[in-house]
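File shown here: start_13.json, holding JSON, C-alpha atoms and all ligand atoms.
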```json
[["chain", "number", "residue", "atom", "x", "y", "z"],
["A", 1, "VAL", "CA", -8.72, -13.35, 12.47],
["A", 2, "LEU", "CA", -5.68, -13.15, 14.73],
["A", 3, "SER", "CA", -3.36, -12.51, 11.82],
["A", 4, "THR", "CA", -5.68, -9.79, 10.46],
["A", 5, "VAL", "CA", -5.74, -8.12, 13.87],
["A", 6, "CYS", "CA", -1.95, -8.34, 14.08],
["A", 7, "LEU", "CA", -1.59, -6.84, 10.60],
["A", 8, "LEU", "CA", -4.01, -4.03, 11.42],
["A", 9, "PHE", "CA", -2.12, -3.32, 14.64],
["A", 10, "LEU", "CA", 1.16, -3.23, 12.75],
["A", 11, "VAL", "CA", -0.22, -0.78, 10.18],
["A", 12, "ILE", "CA", -1.63, 1.51, 12.90],
["A", 13, "ALA", "CA", 1.59, 1.32, 14.93],
["A", 14, "THR", "CA", 3.71, 2.15, 11.86],
["A", 15, "PHE", "CA", 1.45, 5.07, 10.96],
["A", 16, "ALA", "CA", 1.45, 6.39, 14.55],
["A", 17, "GLY", "CA", 5.24, 5.97, 14.65],
["A", 18, "HIS", "CA", 5.66, 8.05, 11.52],
["A", 19, "VAL", "CA", 3.40, 10.81, 12.82],
["A", 20, "LEU", "CA", 5.10, 10.93, 16.23],
["A", 21, "ALA", "CA", 8.59, 10.79, 14.74],
["A", 22, "GLY", "CA", 7.65, 13.57, 12.32],
["A", 23, "ARG", "CA", 6.37, 15.71, 15.18],
["A", 24, "ALA", "CA", 9.48, 15.05, 17.24],
["A", 25, "ILE", "CA", 11.79, 15.89, 14.35],
["A", 26, "ILE", "CA", 10.31, 19.31, 13.56],
["A", 27, "PRO", "CA", 11.30, 20.92, 16.91],
["A", 28, "ILE", "CA", 14.77, 19.31, 16.67],
["A", 29, "LYS", "CA", 15.18, 20.72, 13.15],
["A", 30, "ASN", "CA", 14.08, 24.15, 14.37],
["A", 31, "SER", "CA", 16.46, 24.06, 17.26],
["A", 32, "PHE", "CA", 19.37, 23.08, 14.95],
["A", 33, "SER", "CA", 18.58, 25.90, 12.59],
["A", 34, "ARG", "CA", 18.32, 28.36, 15.53],
["A", 35, "GLN", "CA", 21.71, 27.14, 16.73],
["A", 36, "ARG", "CA", 23.21, 27.63, 13.25],
["A", 37, "GLU", "CA", 21.78, 31.13, 13.03],
["A", 38, "PHE", "CA", 23.19, 31.88, 16.47],
["A", 39, "VAL", "CA", 26.71, 30.77, 15.47],
["A", 40, "ALA", "CA", 26.51, 32.74, 12.22],
["A", 41, "ASP", "CA", 25.23, 35.89, 13.99],
["A", 42, "ALA", "CA", 27.73, 35.60, 16.85],
["A", 43, "SER", "CA", 30.67, 35.13, 14.43],
["A", 44, "HIS", "CA", 29.48, 38.05, 12.34],
["A", 45, "GLU", "CA", 29.11, 40.33, 15.38],
["A", 46, "LEU", "CA", 32.55, 39.37, 16.73],
["A", 47, "ARG", "CA", 34.38, 40.45, 13.60],
["A", 48, "THR", "CA", 34.07, 44.20, 14.16],
["A", 49, "PRO", "CA", 35.32, 44.36, 17.79],
["A", 50, "LEU", "CA", 38.19, 42.06, 16.85],
["A", 51, "SER", "CA", 39.31, 44.24, 13.99],
["A", 52, "VAL", "CA", 39.01, 47.35, 16.23],
["A", 53, "MET", "CA", 41.15, 45.59, 18.89],
["A", 54, "LEU", "CA", 43.77, 44.65, 16.30],
["A", 55, "SER", "CA", 44.12, 48.16, 14.97],
["A", 56, "SER", "CA", 44.16, 49.57, 18.55],
["A", 57, "VAL", "CA", 47.06, 47.29, 19.53],
["A", 58, "ASP", "CA", 48.83, 48.29, 16.31],
["A", 59, "ALA", "CA", 48.27, 51.98, 17.07],
["A", 60, "ILE", "CA", 49.67, 51.65, 20.61],
["A", 61, "ARG", "CA", 52.63, 49.60, 19.40],
["A", 62, "THR", "CA", 53.62, 52.00, 16.62],
["A", 63, "ASP", "CA", 53.00, 55.28, 18.47],
["A", 64, "ASP", "CA", 56.44, 56.92, 18.72],
["A", 65, "GLU", "CA", 55.44, 58.71, 21.91],
["A", 66, "ASN", "CA", 55.14, 55.40, 23.77],
["A", 67, "LYS", "CA", 58.24, 54.00, 25.45],
["A", 68, "PHE", "CA", 57.70, 50.34, 26.25],
["A", 69, "SER", "CA", 59.90, 47.90, 28.13],
["A", 70, "THR", "CA", 60.89, 44.78, 26.20],
["A", 71, "PHE", "CA", 58.41, 42.85, 28.34],
["A", 72, "SER", "CA", 55.52, 45.18, 27.46],
["A", 73, "GLU", "CA", 56.43, 45.01, 23.78],
["A", 74, "GLN", "CA", 56.32, 41.22, 24.02],
["A", 75, "VAL", "CA", 52.91, 41.35, 25.74],
["A", 76, "LEU", "CA", 51.53, 43.60, 23.00],
["A", 77, "ASP", "CA", 52.92, 41.31, 20.28],
["A", 78, "ASP", "CA", 51.37, 38.28, 22.01],
["A", 79, "MET", "CA", 48.03, 40.11, 22.22],
["A", 80, "LYS", "CA", 48.25, 40.89, 18.52],
["A", 81, "SER", "CA", 48.91, 37.30, 17.52],
["A", 82, "GLU", "CA", 46.07, 36.03, 19.77],
["A", 83, "ILE", "CA", 43.65, 38.56, 18.27],
["A", 84, "LYS", "CA", 44.72, 37.42, 14.79],
["A", 85, "ARG", "CA", 44.16, 33.78, 15.78],
["A", 86, "MET", "CA", 40.71, 34.56, 17.14],
["A", 87, "THR", "CA", 39.87, 36.51, 13.97],
["A", 88, "LYS", "CA", 40.75, 33.39, 11.95],
["A", 89, "ILE", "CA", 38.61, 31.13, 14.17],
["A", 90, "VAL", "CA", 35.68, 33.54, 13.88],
["A", 91, "ALA", "CA", 36.07, 33.72, 10.08],
["A", 92, "ASP", "CA", 36.25, 29.90, 9.84],
["A", 93, "LEU", "CA", 33.20, 29.48, 12.09],
["A", 94, "LEU", "CA", 31.26, 31.96, 10.01],
["A", 95, "THR", "CA", 32.17, 30.09, 6.81],
["A", 96, "LEU", "CA", 30.96, 26.79, 8.30],
["A", 97, "ALA", "CA", 27.81, 28.27, 9.85],
["A", 98, "ARG", "CA", 26.86, 29.81, 6.51],
["A", 99, "ALA", "CA", 27.65, 26.54, 4.75],
["A", 100, "ASP", "CA", 25.43, 24.63, 7.22],
["A", 101, "ALA", "CA", 22.59, 27.05, 6.65],
["A", 102, "GLY", "CA", 23.00, 26.60, 2.89],
["A", 103, "ALA", "CA", 23.53, 30.36, 2.75],
["A", 104, "THR", "CA", 26.84, 30.24, 0.89],
["A", 105, "ASN", "CA", 26.45, 30.49, -2.82],
["A", 106, "LEU", "CA", 29.14, 29.15, -5.11],
["A", 107, "PHE", "CA", 30.10, 31.57, -7.85],
["A", 108, "LYS", "CA", 31.13, 29.14, -10.55],
["A", 109, "GLU", "CA", 33.20, 30.21, -13.53],
["A", 110, "LYS", "CA", 35.48, 28.46, -15.99],
["A", 111, "PHE", "CA", 39.18, 28.89, -15.25],
["A", 112, "ASP", "CA", 42.53, 27.16, -15.60],
["A", 113, "ILE", "CA", 43.24, 25.50, -12.24],
["A", 114, "ASN", "CA", 47.02, 25.77, -12.90],
["A", 115, "ASN", "CA", 46.84, 29.55, -12.48],
["A", 116, "VAL", "CA", 45.28, 29.33, -9.03],
["A", 117, "ALA", "CA", 47.63, 26.53, -7.92],
["A", 118, "GLU", "CA", 50.75, 28.36, -9.13],
["A", 119, "LYS", "CA", 49.77, 31.54, -7.30],
["A", 120, "VAL", "CA", 49.25, 29.67, -4.02],
["A", 121, "ILE", "CA", 52.58, 27.86, -4.40],
["A", 122, "ARG", "CA", 54.33, 31.19, -5.02],
["A", 123, "SER", "CA", 52.79, 32.71, -1.91],
["A", 124, "PHE", "CA", 54.02, 29.80, 0.26],
["A", 125, "GLN", "CA", 57.60, 29.67, -1.12],
["A", 126, "PRO", "CA", 59.05, 32.03, 1.55],
["A", 127, "VAL", "CA", 57.48, 29.98, 4.41],
["A", 128, "ALA", "CA", 58.75, 26.74, 2.84],
["A", 129, "ALA", "CA", 62.26, 28.15, 2.33],
["A", 130, "GLU", "CA", 62.37, 29.28, 5.95],
["A", 131, "LYS", "CA", 61.63, 25.72, 7.09],
["A", 132, "GLY", "CA", 64.03, 24.16, 4.57],
["A", 133, "ILE", "CA", 61.12, 22.49, 2.72],
["A", 134, "LYS", "CA", 61.14, 21.94, -1.04],
["A", 135, "LEU", "CA", 57.73, 23.03, -2.33],
["A", 136, "GLU", "CA", 57.00, 21.80, -5.84],
["A", 137, "PHE", "CA", 54.13, 22.17, -8.30],
["A", 138, "VAL", "CA", 53.32, 19.66, -11.03],
["A", 139, "GLY", "CA", 50.66, 21.02, -13.37],
["A", 140, "THR", "CA", 48.91, 19.88, -16.53],
["A", 141, "ASN", "CA", 48.55, 22.35, -19.39],
["A", 142, "ASN", "CA", 45.12, 23.89, -19.97],
["A", 143, "LEU", "CA", 43.26, 22.18, -17.16],
["A", 144, "PHE", "CA", 40.00, 24.07, -17.08],
["A", 145, "ILE", "CA", 37.36, 23.54, -14.42],
["A", 146, "GLN", "CA", 33.95, 25.02, -13.75],
["A", 147, "ALA", "CA", 34.15, 26.01, -10.10],
["A", 148, "ASP", "CA", 34.21, 28.80, -7.53],
["A", 149, "ARG", "CA", 37.72, 30.22, -7.98],
["A", 150, "GLU", "CA", 37.89, 31.79, -4.49],
["A", 151, "ARG", "CA", 36.84, 28.55, -2.80],
["A", 152, "ILE", "CA", 39.31, 26.46, -4.81],
["A", 153, "ASN", "CA", 42.01, 28.96, -3.85],
["A", 154, "GLN", "CA", 40.98, 28.50, -0.18],
["A", 155, "LEU", "CA", 41.13, 24.70, -0.61],
["A", 156, "PHE", "CA", 44.73, 24.91, -1.90],
["A", 157, "LEU", "CA", 45.67, 27.26, 0.97],
["A", 158, "ILE", "CA", 44.32, 24.85, 3.60],
["A", 159, "LEU", "CA", 46.01, 21.75, 2.17],
["A", 160, "ILE", "CA", 49.40, 23.36, 1.48],
["A", 161, "ASP", "CA", 49.41, 25.19, 4.81],
["A", 162, "ASN", "CA", 48.80, 21.88, 6.63],
["A", 163, "ALA", "CA", 51.44, 20.03, 4.61],
["A", 164, "LEU", "CA", 54.04, 22.66, 5.55],
["A", 165, "LYS", "CA", 52.85, 22.85, 9.16],
["A", 166, "PHE", "CA", 53.16, 19.17, 9.93],
["A", 167, "ILE", "CA", 56.68, 18.63, 8.61],
["A", 168, "GLN", "CA", 59.13, 18.92, 11.52],
["A", 169, "HIS", "CA", 61.99, 20.33, 9.50],
["A", 170, "GLU", "CA", 63.23, 19.98, 5.93],
["A", 171, "GLY", "CA", 61.34, 17.65, 3.63],
["A", 172, "ALA", "CA", 59.22, 18.06, 0.52],
["A", 173, "VAL", "CA", 55.68, 18.97, -0.44],
["A", 174, "ILE", "CA", 54.36, 18.32, -3.94],
["A", 175, "LEU", "CA", 51.11, 19.73, -5.31],
["A", 176, "THR", "CA", 49.86, 17.96, -8.43],
["A", 177, "VAL", "CA", 46.85, 18.87, -10.56],
["A", 178, "LYS", "CA", 45.88, 16.46, -13.31],
["A", 179, "GLN", "CA", 43.02, 14.92, -15.21],
["A", 180, "VAL", "CA", 41.93, 11.57, -13.79],
["A", 181, "THR", "CA", 43.05, 8.84, -16.15],
["A", 182, "GLY", "CA", 40.12, 7.55, -18.15],
["A", 183, "SER", "CA", 37.80, 10.36, -17.05],
["A", 184, "LYS", "CA", 37.86, 13.62, -18.96],
["A", 185, "ARG", "CA", 35.38, 15.09, -16.52],
["A", 186, "THR", "CA", 37.29, 14.63, -13.26],
["A", 187, "VAL", "CA", 40.29, 16.54, -12.01],
["A", 188, "ASN", "CA", 42.58, 15.41, -9.21],
["A", 189, "ILE", "CA", 44.27, 17.76, -6.79],
["A", 190, "ILE", "CA", 46.96, 15.87, -4.88],
["A", 191, "VAL", "CA", 48.97, 17.29, -2.00],
["A", 192, "GLN", "CA", 51.76, 15.01, -0.87],
["A", 193, "ASP", "CA", 54.12, 15.60, 2.05],
["A", 194, "ASN", "CA", 56.76, 13.57, 3.81],
["A", 195, "GLY", "CA", 55.83, 14.93, 7.24],
["A", 196, "GLN", "CA", 54.80, 13.25, 10.46],
["A", 197, "GLY", "CA", 51.84, 11.34, 9.02],
["A", 198, "ILE", "CA", 48.42, 10.59, 10.54],
["A", 199, "PRO", "CA", 47.60, 7.41, 12.51],
["A", 200, "GLU", "CA", 45.06, 5.25, 10.68],
["A", 201, "ASP", "CA", 42.40, 5.46, 13.40],
["A", 202, "GLN", "CA", 42.40, 9.26, 13.13],
["A", 203, "GLN", "CA", 42.36, 9.64, 9.36],
["A", 204, "GLN", "CA", 38.57, 10.13, 9.25],
["A", 205, "LEU", "CA", 38.40, 12.23, 12.43],
["A", 206, "ILE", "CA", 40.68, 14.98, 11.11],
["A", 207, "PHE", "CA", 37.86, 16.17, 8.81],
["A", 208, "GLU", "CA", 35.66, 16.87, 11.86],
["A", 209, "ARG", "CA", 35.37, 20.33, 13.34],
["A", 210, "PHE", "CA", 38.02, 21.28, 15.90],
["A", 211, "TYR", "CA", 39.62, 17.81, 15.72],
["A", 212, "ARG", "CA", 43.39, 18.06, 16.00],
["A", 213, "ILE", "CA", 45.78, 15.20, 16.67],
["A", 214, "ASP", "CA", 48.04, 17.42, 18.75],
["A", 215, "LYS", "CA", 46.08, 20.45, 19.96],
["A", 216, "ALA", "CA", 49.08, 22.33, 21.36],
["A", 217, "ARG", "CA", 51.15, 21.83, 18.21],
["A", 218, "SER", "CA", 48.32, 22.90, 15.93],
["A", 219, "ARG", "CA", 47.66, 25.97, 18.08],
["A", 220, "ASP", "CA", 51.34, 26.95, 18.08],
["A", 221, "ALA", "CA", 51.38, 26.62, 14.31],
["A", 222, "GLY", "CA", 48.38, 28.97, 14.08],
["A", 223, "GLY", "CA", 45.81, 26.23, 13.39],
["A", 224, "THR", "CA", 42.14, 26.41, 14.33],
["A", 225, "GLY", "CA", 41.18, 22.77, 13.77],
["A", 226, "LEU", "CA", 38.58, 23.93, 11.24],
["A", 227, "GLY", "CA", 40.68, 23.89, 8.05],
["A", 228, "LEU", "CA", 39.91, 20.37, 6.87],
["A", 229, "SER", "CA", 36.18, 20.72, 7.72],
["A", 230, "ILE", "CA", 36.11, 23.75, 5.42],
["A", 231, "ALA", "CA", 38.14, 21.87, 2.78],
["A", 232, "LYS", "CA", 35.64, 18.98, 2.93],
["A", 233, "TRP", "CA", 32.70, 21.35, 2.63],
["A", 234, "ILE", "CA", 34.25, 23.14, -0.38],
["A", 235, "VAL", "CA", 34.95, 19.84, -2.16],
["A", 236, "GLU", "CA", 31.52, 18.35, -1.44],
["A", 237, "ALA", "CA", 29.72, 21.57, -2.41],
["A", 238, "HIS", "CA", 31.36, 21.13, -5.84],
["A", 239, "GLY", "CA", 30.19, 17.49, -6.00],
["A", 240, "GLY", "CA", 33.67, 16.09, -5.34],
["A", 241, "THR", "CA", 35.41, 13.90, -2.77],
["A", 242, "ILE", "CA", 38.42, 14.26, -0.48],
["A", 243, "LYS", "CA", 40.42, 11.51, 1.20],
["A", 244, "VAL", "CA", 43.76, 11.00, 2.87],
["A", 245, "GLU", "CA", 46.34, 8.24, 2.59],
["A", 246, "SER", "CA", 48.96, 8.39, 5.31],
["A", 247, "SER", "CA", 51.56, 6.50, 7.33],
["A", 248, "VAL", "CA", 53.06, 7.72, 10.57],
["A", 249, "GLY", "CA", 56.66, 8.83, 10.08],
["A", 250, "VAL", "CA", 56.37, 8.55, 6.28],
["A", 251, "GLY", "CA", 53.94, 11.32, 5.28],
["A", 252, "SER", "CA", 50.45, 12.10, 4.06],
["A", 253, "THR", "CA", 48.75, 12.46, 0.70],
["A", 254, "PHE", "CA", 45.46, 14.33, 0.40],
["A", 255, "ILE", "CA", 43.56, 13.41, -2.75],
["A", 256, "VAL", "CA", 40.72, 15.59, -4.01],
["A", 257, "SER", "CA", 38.55, 14.58, -6.97],
["A", 258, "LEU", "CA", 36.53, 17.37, -8.54],
["A", 259, "PRO", "CA", 34.13, 17.28, -11.45],
["A", 260, "SER", "CA", 35.50, 19.61, -14.13],
["A", 301, "LIG", "P1", 44.51, 22.73, 11.86],
["A", 301, "LIG", "O1", 44.06, 24.13, 11.93],
["A", 301, "LIG", "O2", 44.92, 22.17, 13.19],
["A", 301, "LIG", "O3", 45.51, 22.48, 10.78],
["A", 301, "LIG", "P2", 42.78, 21.08, 10.22],
["A", 301, "LIG", "O4", 41.31, 20.86, 10.30],
["A", 301, "LIG", "O5", 43.30, 21.68, 8.96],
["A", 301, "LIG", "O6", 43.16, 21.93, 11.49],
["A", 301, "LIG", "O7", 43.51, 19.69, 10.45],
["A", 301, "LIG", "C1", 43.11, 18.90, 11.56],
["A", 301, "LIG", "C2", 44.28, 18.07, 12.07],
["A", 301, "LIG", "O8", 44.66, 17.10, 11.09],
["A", 301, "LIG", "C3", 45.57, 18.86, 12.33],
["A", 301, "LIG", "O9", 45.57, 19.49, 13.59],
["A", 301, "LIG", "C4", 46.60, 17.74, 12.27],
["A", 301, "LIG", "O10", 46.63, 17.03, 13.49],
["A", 301, "LIG", "C5", 46.04, 16.82, 11.17],
["A", 301, "LIG", "N1", 46.64, 17.08, 9.84],
["A", 301, "LIG", "C6", 46.11, 17.81, 8.83],
["A", 301, "LIG", "N2", 46.92, 17.83, 7.76],
["A", 301, "LIG", "C7", 48.00, 17.09, 8.10],
["A", 301, "LIG", "C8", 49.22, 16.72, 7.42],
["A", 301, "LIG", "N3", 49.46, 17.11, 6.17],
["A", 301, "LIG", "N4", 50.10, 15.93, 8.08],
["A", 301, "LIG", "C9", 49.86, 15.53, 9.35],
["A", 301, "LIG", "N5", 48.74, 15.85, 10.05],
["A", 301, "LIG", "C10", 47.83, 16.61, 9.44]]
```
Show the structure stored in the file as structure tokens.
Ligand code: ADP
Amino acid sequence: VLSTVCLLFLVIATFAGHVLAGRAIIPIKNSFSRQREFVADASHELRTPLSVMLSSVDAIRTDDENKFSTFSEQVLDDMKSEIKRMTKIVADLLTLARADAGATNLFKEKFDINNVAEKVIRSFQPVAAEKGIKLEFVGTNNLFIQADRERINQLFLILIDNALKFIQHEGAVILTVKQVTGSKRTVNIIVQDNGQGIPEDQQQLIFERFYRIDKARSRDAGGTGLGLSIAKWIVEAHGGTIKVESSVGVGSTFIVSLPS
């Protein structure tokens, strides 16, 4: 009898637990989704005033009738670069808020990944040359993938920008795209640098929002701390994976695997 009572009690307790947990979760879910909507709306609303501010500063700066002291010119230039930085943060936040809400559709098409990679490499060559960095691309002929071209372009931009940002001076960055050996349906995107490297205990944390190993350095380099979170979202939205292998003082290698 005792064991039957115990069993009955257990069943009732489990059932009650499920019901209560379910009830508790619904308001939490609602509050998360309200928070996501708020971030998306706020980011969206901030874009217009920011772009008005940017063009206003530009207009003041380029108006021939204005005679500014060197100091004032510097202040205006600083304002301009801060507005640009904020515009980037707002755009990144909006991307992530939309991704969280599942409101970002992927527009998949079939394309040769070499074309996108080559274009990104070309656009970064002047920055690399300025820093004395050798920027190299190793492609594989006719490597077609079914993916959102714009998002893959954004993924390349984030990874190459970081690789160039976190090399002190001189060095090399290599972008490789290739088919995974033994799997015709998986493509690897590998970005290797010989920069400062990432301590082992922080290699997972860097994919979290706003996480930066050196906040001041990232900020000076124009970083928002949201790049790798967006990269991770892009890769996972395509059903792929992203990881990093790194040693401090030796360099870092970001390895993306994408279904083709
Ligand atoms: P950020 O805008 O600061 O680049 P990310 O989310 O792209 O933000 O990266 C987060 C942090 O990860 C960076 O601030 C930096 O500390 C570290 N990191 C990313 N890529 C590299 C790299 N190639 N080498 C060294 N550190 C890196």
Could you jot down the CA of Ile230 in chain A to CA of Gln204 in chain A separation for me, Å, one decimal place? 14.4 Å
Where is the centre and how long are the edges: axis-aligned box on range 199-211 of chain A, 6 Å on each side, Å to one decimal, as AutoDock Vina command-line options:
```
--center_x 41.5 --center_y 13.3 --center_z 12.4 --size_x 24.2 --size_y 28.0 --size_z 19.1
```
Shell of 7 Å around ligand LIG 301 (chain A) (only C-alpha atoms and all ligand atoms), written as a PDB file with C-alpha atoms, keeping the file's coordinate frame:
```
ATOM      1  CA  ILE A 158      44.320  24.850   3.600  1.00  0.00           C
ATOM      2  CA  LEU A 159      46.010  21.750   2.170  1.00  0.00           C
ATOM      3  CA  ASN A 162      48.800  21.880   6.630  1.00  0.00           C
ATOM      4  CA  ALA A 163      51.440  20.030   4.610  1.00  0.00           C
ATOM      5  CA  PHE A 166      53.160  19.170   9.930  1.00  0.00           C
ATOM      6  CA  ASP A 193      54.120  15.600   2.050  1.00  0.00           C
ATOM      7  CA  GLY A 195      55.830  14.930   7.240  1.00  0.00           C
ATOM      8  CA  GLN A 196      54.800  13.250  10.460  1.00  0.00           C
ATOM      9  CA  GLY A 197      51.840  11.340   9.020  1.00  0.00           C
ATOM     10  CA  ILE A 198      48.420  10.590  10.540  1.00  0.00           C
ATOM     11  CA  ILE A 206      40.680  14.980  11.110  1.00  0.00           C
ATOM     12  CA  PHE A 207      37.860  16.170   8.810  1.00  0.00           C
ATOM     13  CA  ARG A 209      35.370  20.330  13.340  1.00  0.00           C
ATOM     14  CA  PHE A 210      38.020  21.280  15.900  1.00  0.00           C
ATOM     15  CA  TYR A 211      39.620  17.810  15.720  1.00  0.00           C
ATOM     16  CA  ARG A 212      43.390  18.060  16.000  1.00  0.00           C
ATOM     17  CA  ILE A 213      45.780  15.200  16.670  1.00  0.00           C
ATOM     18  CA  ASP A 214      48.040  17.420  18.750  1.00  0.00           C
ATOM     19  CA  LYS A 215      46.080  20.450  19.960  1.00  0.00           C
ATOM     20  CA  SER A 218      48.320  22.900  15.930  1.00  0.00           C
ATOM     21  CA  ARG A 219      47.660  25.970  18.080  1.00  0.00           C
ATOM     22  CA  GLY A 222      48.380  28.970  14.080  1.00  0.00           C
ATOM     23  CA  GLY A 223      45.810  26.230  13.390  1.00  0.00           C
ATOM     24  CA  THR A 224      42.140  26.410  14.330  1.00  0.00           C
ATOM     25  CA  GLY A 225      41.180  22.770  13.770  1.00  0.00           C
ATOM     26  CA  LEU A 226      38.580  23.930  11.240  1.00  0.00           C
ATOM     27  CA  GLY A 227      40.680  23.890   8.050  1.00  0.00           C
ATOM     28  CA  LEU A 228      39.910  20.370   6.870  1.00  0.00           C
ATOM     29  CA  SER A 229      36.180  20.720   7.720  1.00  0.00           C
ATOM     30  CA  GLY A 251      53.940  11.320   5.280  1.00  0.00           C
ATOM     31  CA  SER A 252      50.450  12.100   4.060  1.00  0.00           C
TER      32      SER A 252
END
```
Spatial neighbours of His44 in chain A, max dist 10 Å, only C-alpha atoms, sep filter under 5 positions, as a ChimeraX atom specification: /A:38-39,90-91,93-94
Pick from A:Asn194, A:Gly182, A:Ile89, A:Leu164 nearest to Pro126 in chain A, counting only C-alpha atoms: A:Leu164
Please provide the set of residues having any atom within 9 Å of Val57 in chain A, restricted to all atoms listed in the file, with same-chain residues fewer than 4 positions apart removed, written as an NGL selection string. :A and (52-53 or 61-62 or 76-77 or 79-80)
Calculated over all atoms listed in the file, which of the candidates A:Arg217, A:Gln74, A:Ile255, A:Gln154 has the smallest distance to Val120 in chain A?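 For Val120 in chain A, the nearest of the candidates is A:Gln154.
Residue nearest Asn153 in chain A, chosen from A:His169, A:Lys110, A:Lys134, A:Lys119 and counting only C-alpha atoms: A:Lys119.
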Find, counting only C-alpha atoms, the residue in A:Leu143, A:Val250, A:Val244, A:Ile234 that gets nearest to Ala172 in chain A.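 Result for the nearest residue to Ala172 in chain A: A:Val250.
Interatomic distance, CA of Glu118 in chain A against CA of Gly139 in chain A: 8.5 Å.
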Two-atom distance - CA of Val256 in chain A, CA of Thr241 in chain A (Å):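 According to the coordinates, CA of Val256 in chain A and CA of Thr241 in chain A are separated by 5.7 Å.
With all atoms listed in the file as the basis for measurement, A:Ser260 is the residue among A:Phe254, A:Phe68, A:Ser260, A:Ala40 that approaches Val180 in chain A most closely.
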Using all atoms listed in the file: which of A:Ile242, A:Val5, A:Ala237, A:Ile145 has the shortest distance to Asn105 in chain A: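 Checking each candidate against Asn105 in chain A, we get A:Ala237 as the closest.
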Would you write out, as JSON lines, a table of all residues in range 39-153 of chain A that have an atom no more than 12 Å from an atom of range 21-32 of chain A, listing for each the closest atom pair and the distance in Å to one decimal, considering all atoms listed in the file and ordering rows by chain and rising residue number?
```
{"residue": "A:Val39", "atom": "CA", "partner": "A:Phe32", "partner_atom": "CA", "distance": 10.6}
{"residue": "A:Ala97", "atom": "CA", "partner": "A:Phe32", "partner_atom": "CA", "distance": 11.1}
{"residue": "A:Asp100", "atom": "CA", "partner": "A:Phe32", "partner_atom": "CA", "distance": 9.9}
{"residue": "A:Ala101", "atom": "CA", "partner": "A:Phe32", "partner_atom": "CA", "distance": 9.7}
```
Can you list, as a ChimeraX atom specification, every protein, DNA or RNA residue that comes within 9 Å of Arg151 in chain A when you count all atoms listed in the file, leaving out same-chain residues fewer than 3 positions away? /A:106-107,147-148,154-156,231,234-235
Write the residues of the selection above to a file with C-alpha atoms, as a short mmCIF file (atom, residue, chain, number, x, y, z; two decimals), in the frame of the given file.
```
data_model
loop_
_atom_site.label_atom_id
_atom_site.label_comp_id
_atom_site.auth_asym_id
_atom_site.auth_seq_id
_atom_site.Cartn_x
_atom_site.Cartn_y
_atom_site.Cartn_z
CA LEU A 106 29.14 29.15 -5.11
CA PHE A 107 30.10 31.57 -7.85
CA ALA A 147 34.15 26.01 -10.10
CA ASP A 148 34.21 28.80 -7.53
CA GLN A 154 40.98 28.50 -0.18
CA LEU A 155 41.13 24.70 -0.61
CA PHE A 156 44.73 24.91 -1.90
CA ALA A 231 38.14 21.87 2.78
CA ILE A 234 34.25 23.14 -0.38
CA VAL A 235 34.95 19.84 -2.16
#
```
